[in-house]
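Colleague: Starting off with a structure, shown below.
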Amino acid sequence: MKTTLSVIKADVGSIGGHIMPSRRLLQRVAEVVESQGKALIQDHYIGFTGDDIAILMTHTRGPSDEKVHKLAWDAFVAGTAIAKEEGLYGAGQDLLKDSFSGNVHGLGPAVAEMEIEERPNEPFLFFAADKTDPGAYNLPMYLAFADVMNTPGLILSPKMAKGFRWVIMDVSYTEGDRVIELVTPEEIYDLAALLRDPEQYVIESVWSRASGEQAAVVSTSRLHNIAGKYVGKDDPVAMVRTQMNFPATGEILAPYSIGHFVAGGMRGSHNQPLMPVALNTPTSYFDGPPLVSCAAFCVHNTKLTEPADAFAHPFWDEVRNRVAYKAIDMRRQGFIGAAMLPMAELEYTGVMETLHALEKRFIVRKAAAVSA
Ligand code: F6R
Ligand code: MG
Ligand code: MG
C-alpha cells in the first residue's frame, strides 16, 4: 500500500495586511478538515507561514485525488466565510475560481504531492514559504542534491553518488505544463543554466537514480498565469524525503543559512533575502523579508508524528540576524536596480503606465551637421 502526502495551501485572508491568519480562520479550516476528512484522510497537520495556511494530509488515494482536493478547497471556502465576517485583509484572495472542478490545480491554491512506498522509517521535511515564488527553492535544492560542497553524502554514500533526476518546469509557458528532465551529475551545468533564472525555470520534482524513488516535490503554480494578472506572490510549498538514498536532513536544511535573495517582499515587487523562521511565524519588515518554515516529520503506516520545528533551533537566530542585515542593506538602495524586480515580475502596473505615458515625450536628436 502506498502513502500519499498532499500539501494544499492558500491565503484566504489575514490580519493587519498580509501578516497572518486569524485564530478563528485557522480553527474553521481545521474543523472542516477534521469533520469532513474522517473517512478520507489518515492524518493531517495545519500550520501557517506569514499569511498562508497549509494543510498537510496523508492518505492512500494518490495525487490529484478529487475528494482530497475538494476537502482542502471546502476548508478554504469555509475559512473565507470567517475571513469575510472578521473583515480580514484579502479574504478569499487565493480562491481564484468560483467553484471547484476536479482538483485545485489552476484554481489558486498551491499543491505539492508525493505518492511513496514508505521506508521502514520515513523522515521528510515540509517547507512553506511566504512572500516569494516557487523558484525560491531552486538554489537550496540544487545545493542539497547536486553540490558536494554542501552535501558530503554525494561522495560518502554510494547510492547518493548515482545522482538524481530533475524535472524542471518552464512556468512562463501558460498553454500547459512545459517540462524538461535532466540528470546530475552529468548535466549539472545544463541544470544550473536553467535554475539561475528562478522566475522562469522551477524545480517540480527530484528523483533518486539509484532507486527510482521520488525525493522532492515543489508547488509550481504561478498565480498570475491563472488569474491573467498579478494577484499576489505564489508562496510555494515543498516536501523533501531525507536520509538513506536521499540527502540527510541537515544537508537539506544547510543551504537556508545563505539567506539568498529571492523575488518577493513589499508589494510582491522586490528582491529580498529568504529568512528561515519557526513554524507559525507572521510576516513583518517591509512585508517580508520573504520567509520559509520547515516542519520535519516521520510518517509510519500513513500516520504522522508531531512536527519538529527545524528552524527553531538557536543556530538559526544568527542566520536570521544576518538575513535581517541583508534585507536592510538591500533596502538602502530603495527602488534602484537590483532592489526592485524586473518589469515582468512587478505586482503593480504603475511603472508600466508611467513609462507608456512618457514614451511620447522622448525625442531622437538629429545628428549634428558635420562642418567642413
Ligand atoms: C504574498 C503577499 C504579497 C502581496 C503583495 C501585494 O503573501 O502578501 O505578494 O500580494 O504585497 O499586496 P497588496 O497590493 O494587497 O498590498
Ligand atoms: Mg498575501
Ligand atoms: Mg502569502
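Here's how to read the names in the C-alpha cells: chain A, B, ... by the order shown, residue numbers from 1 in each chain, ligand numbers from 1 in the order shown.
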All residues within 9 Å of ligand 3 are required, counting only C-alpha atoms and all ligand atoms; please report them as a list of chain:residue names.
Modeller: A:Ala10, A:Asp11, A:His18, A:Ile19, A:Met20, A:Thr49, A:Gly50, A:Asp51, A:Asp52, A:Ile53, A:Ala129, A:Asp130, A:Lys131, A:Thr132, A:Gly232, A:Lys233, A:Asp234, A:Asp235, A:Pro236, A:Thr283
Colleague: Going by DSSP on the backbone, which residues of range 126-162 of chain A come out as strand (DSSP E)? List them as a ChimeraX atom specification.
Modeller: /A:126-130
Colleague: Could those residues be written to a file, using N, CA and C atoms, as a short mmCIF file (atom, residue, chain, number, x, y, z; two decimals), in the first residue's frame?
Modeller:
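Listed below is the output, result.cif:
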```cif
data_model
loop_
_atom_site.label_atom_id
_atom_site.label_comp_id
_atom_site.auth_asym_id
_atom_site.auth_seq_id
_atom_site.Cartn_x
_atom_site.Cartn_y
_atom_site.Cartn_z
N PHE A 126 8.69 19.31 5.40
CA PHE A 126 7.64 20.07 4.73
C PHE A 126 7.99 21.56 4.85
N PHE A 127 8.26 22.18 3.71
CA PHE A 127 8.62 23.61 3.68
C PHE A 127 7.42 24.43 3.23
N ALA A 128 7.27 25.61 3.84
CA ALA A 128 6.26 26.56 3.36
C ALA A 128 6.90 27.94 3.35
N ALA A 129 6.77 28.65 2.25
CA ALA A 129 7.38 29.98 2.13
C ALA A 129 6.31 31.03 1.86
N ASP A 130 6.53 32.23 2.37
CA ASP A 130 5.59 33.32 2.12
C ASP A 130 6.34 34.49 1.50
#
```
Colleague: For the atom pair CA of Glu117 in chain A and CA of Met169 in chain A, what is the interatomic distance in Å to one decimal place?
Modeller: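 The value is 24.9 Å.
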Colleague: For each of A:Leu346, A:Ala210, A:Ala327, A:Met275, take the minimum atom-to-atom distance to ligand 1, counting only C-alpha atoms and all ligand atoms, then give the residue where this is smallest.
Modeller: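 Under the stated criterion, the closest residue is A:Leu346.
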Colleague: Compile the contact shell of Gln214 in chain A as a list in words: residues with an atom at most 9 Å away, counting only C-alpha atoms, same-chain residues fewer than 5 positions apart removed.
Modeller: Met114, Glu115, Ile116, Ser205, Val206, Trp207, Ser208, Val240 and Arg241 of chain A
Colleague: Taking only C-alpha atoms into account, name the residue in A:Val148, A:Met160, A:Ala54, A:Leu88 that is nearest to Phe246 in chain A.
Modeller: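 Using only C-alpha atoms, the shortest distance to Phe246 in chain A belongs to A:Met160.
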Colleague: Considering only C-alpha atoms, state which residue in the set A:Pro63, A:Gly153, A:Gly47, A:Gly16 is at the smallest distance from Gln243 in chain A.
Modeller: A:Gly153
Colleague: Kindly give the distance, in Å, that separates CA of Thr249 in chain A and CA of Asn150 in chain A, rounded to a single decimal.
Modeller: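 CA of Asn150 in chain A lies 12.1 Å from CA of Thr249 in chain A.
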Colleague: Calculate how many Å separate CA of Lys70 in chain A from CA of Ile203 in chain A, rounding to one decimal.
Modeller: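 Pair CA of Lys70 in chain A / CA of Ile203 in chain A returns 25.7 Å.
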Colleague: Neighbours of Val29 in chain A within 8 Å (only C-alpha atoms; same-chain residues fewer than 3 positions away dropped), as number ranges by chain?
Modeller: A: 25-26, 32-33, 75-76, 78-79
Colleague: So that I can see what lies close to Asn138 in chain A, please list as a list in words the residues with an atom at most 8 Å from it, counting only C-alpha atoms and leaving out residues fewer than 3 positions away in the same chain.
Modeller: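 The residues that qualify are Pro134, Gly135, Met141, Tyr142, Leu195, Arg196, Pro198, Val202 and Ile203 of chain A.
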Colleague: Pull the alpha helix (DSSP H) assignments for range 193-293 of chain A out of DSSP run on the backbone, and list those residues as a list in words.
Modeller: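 Selecting the alpha helix (DSSP H) positions of range 193-293 of chain A gives Ala193, Leu194, Leu195, Leu223, His224, Asn225, Ile226, Ala227, Thr249, Gly250, Glu251, Ile252 and Leu253 of chain A.
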Colleague: Any chance you could export the current selection's N, CA, C and O atoms as a PDB file, in the first residue's frame?
Modeller:
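Writing done, so here's selection-v7.pdb:
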```pdb
ATOM      1  N   ALA A 193      22.188  26.218 -15.695  1.00  0.00           N
ATOM      2  CA  ALA A 193      21.808  27.243 -16.679  1.00  0.00           C
ATOM      3  C   ALA A 193      20.309  27.538 -16.590  1.00  0.00           C
ATOM      4  O   ALA A 193      19.883  28.674 -16.795  1.00  0.00           O
ATOM      5  N   LEU A 194      19.520  26.515 -16.283  1.00  0.00           N
ATOM      6  CA  LEU A 194      18.074  26.748 -16.127  1.00  0.00           C
ATOM      7  C   LEU A 194      17.764  27.372 -14.767  1.00  0.00           C
ATOM      8  O   LEU A 194      17.050  28.373 -14.679  1.00  0.00           O
ATOM      9  N   LEU A 195      18.310  26.794 -13.715  1.00  0.00           N
ATOM     10  CA  LEU A 195      17.923  27.209 -12.355  1.00  0.00           C
ATOM     11  C   LEU A 195      18.378  28.621 -12.005  1.00  0.00           C
ATOM     12  O   LEU A 195      17.851  29.236 -11.081  1.00  0.00           O
ATOM     13  N   LEU A 223       0.445  32.264  -9.778  1.00  0.00           N
ATOM     14  CA  LEU A 223      -0.918  32.789  -9.693  1.00  0.00           C
ATOM     15  C   LEU A 223      -1.238  33.721 -10.850  1.00  0.00           C
ATOM     16  O   LEU A 223      -2.360  33.757 -11.339  1.00  0.00           O
ATOM     17  N   HIS A 224      -0.238  34.477 -11.302  1.00  0.00           N
ATOM     18  CA  HIS A 224      -0.566  35.438 -12.360  1.00  0.00           C
ATOM     19  C   HIS A 224      -0.884  34.738 -13.677  1.00  0.00           C
ATOM     20  O   HIS A 224      -1.607  35.271 -14.502  1.00  0.00           O
ATOM     21  N   ASN A 225      -0.344  33.522 -13.851  1.00  0.00           N
ATOM     22  CA  ASN A 225      -0.704  32.765 -15.059  1.00  0.00           C
ATOM     23  C   ASN A 225      -2.162  32.324 -15.004  1.00  0.00           C
ATOM     24  O   ASN A 225      -2.838  32.229 -16.029  1.00  0.00           O
ATOM     25  N   ILE A 226      -2.642  32.028 -13.794  1.00  0.00           N
ATOM     26  CA  ILE A 226      -4.020  31.559 -13.645  1.00  0.00           C
ATOM     27  C   ILE A 226      -4.978  32.732 -13.759  1.00  0.00           C
ATOM     28  O   ILE A 226      -5.971  32.692 -14.484  1.00  0.00           O
ATOM     29  N   ALA A 227      -4.646  33.806 -13.056  1.00  0.00           N
ATOM     30  CA  ALA A 227      -5.583  34.936 -12.988  1.00  0.00           C
ATOM     31  C   ALA A 227      -5.459  35.862 -14.197  1.00  0.00           C
ATOM     32  O   ALA A 227      -6.340  36.679 -14.437  1.00  0.00           O
ATOM     33  N   THR A 249      18.825  15.116   6.549  1.00  0.00           N
ATOM     34  CA  THR A 249      18.006  16.287   6.903  1.00  0.00           C
ATOM     35  C   THR A 249      18.864  17.547   6.972  1.00  0.00           C
ATOM     36  O   THR A 249      18.513  18.585   6.409  1.00  0.00           O
ATOM     37  N   GLY A 250      20.023  17.428   7.626  1.00  0.00           N
ATOM     38  CA  GLY A 250      20.895  18.596   7.774  1.00  0.00           C
ATOM     39  C   GLY A 250      21.447  19.088   6.448  1.00  0.00           C
ATOM     40  O   GLY A 250      21.715  20.283   6.283  1.00  0.00           O
ATOM     41  N   GLU A 251      21.647  18.184   5.492  1.00  0.00           N
ATOM     42  CA  GLU A 251      22.132  18.607   4.160  1.00  0.00           C
ATOM     43  C   GLU A 251      21.038  19.373   3.405  1.00  0.00           C
ATOM     44  O   GLU A 251      21.324  20.268   2.616  1.00  0.00           O
ATOM     45  N   ILE A 252      19.801  19.007   3.660  1.00  0.00           N
ATOM     46  CA  ILE A 252      18.690  19.718   3.012  1.00  0.00           C
ATOM     47  C   ILE A 252      18.505  21.101   3.653  1.00  0.00           C
ATOM     48  O   ILE A 252      18.193  22.085   2.978  1.00  0.00           O
ATOM     49  N   LEU A 253      18.703  21.169   4.980  1.00  0.00           N
ATOM     50  CA  LEU A 253      18.469  22.439   5.690  1.00  0.00           C
ATOM     51  C   LEU A 253      19.606  23.443   5.486  1.00  0.00           C
ATOM     52  O   LEU A 253      19.363  24.661   5.459  1.00  0.00           O
TER      53      LEU A 253
END
```
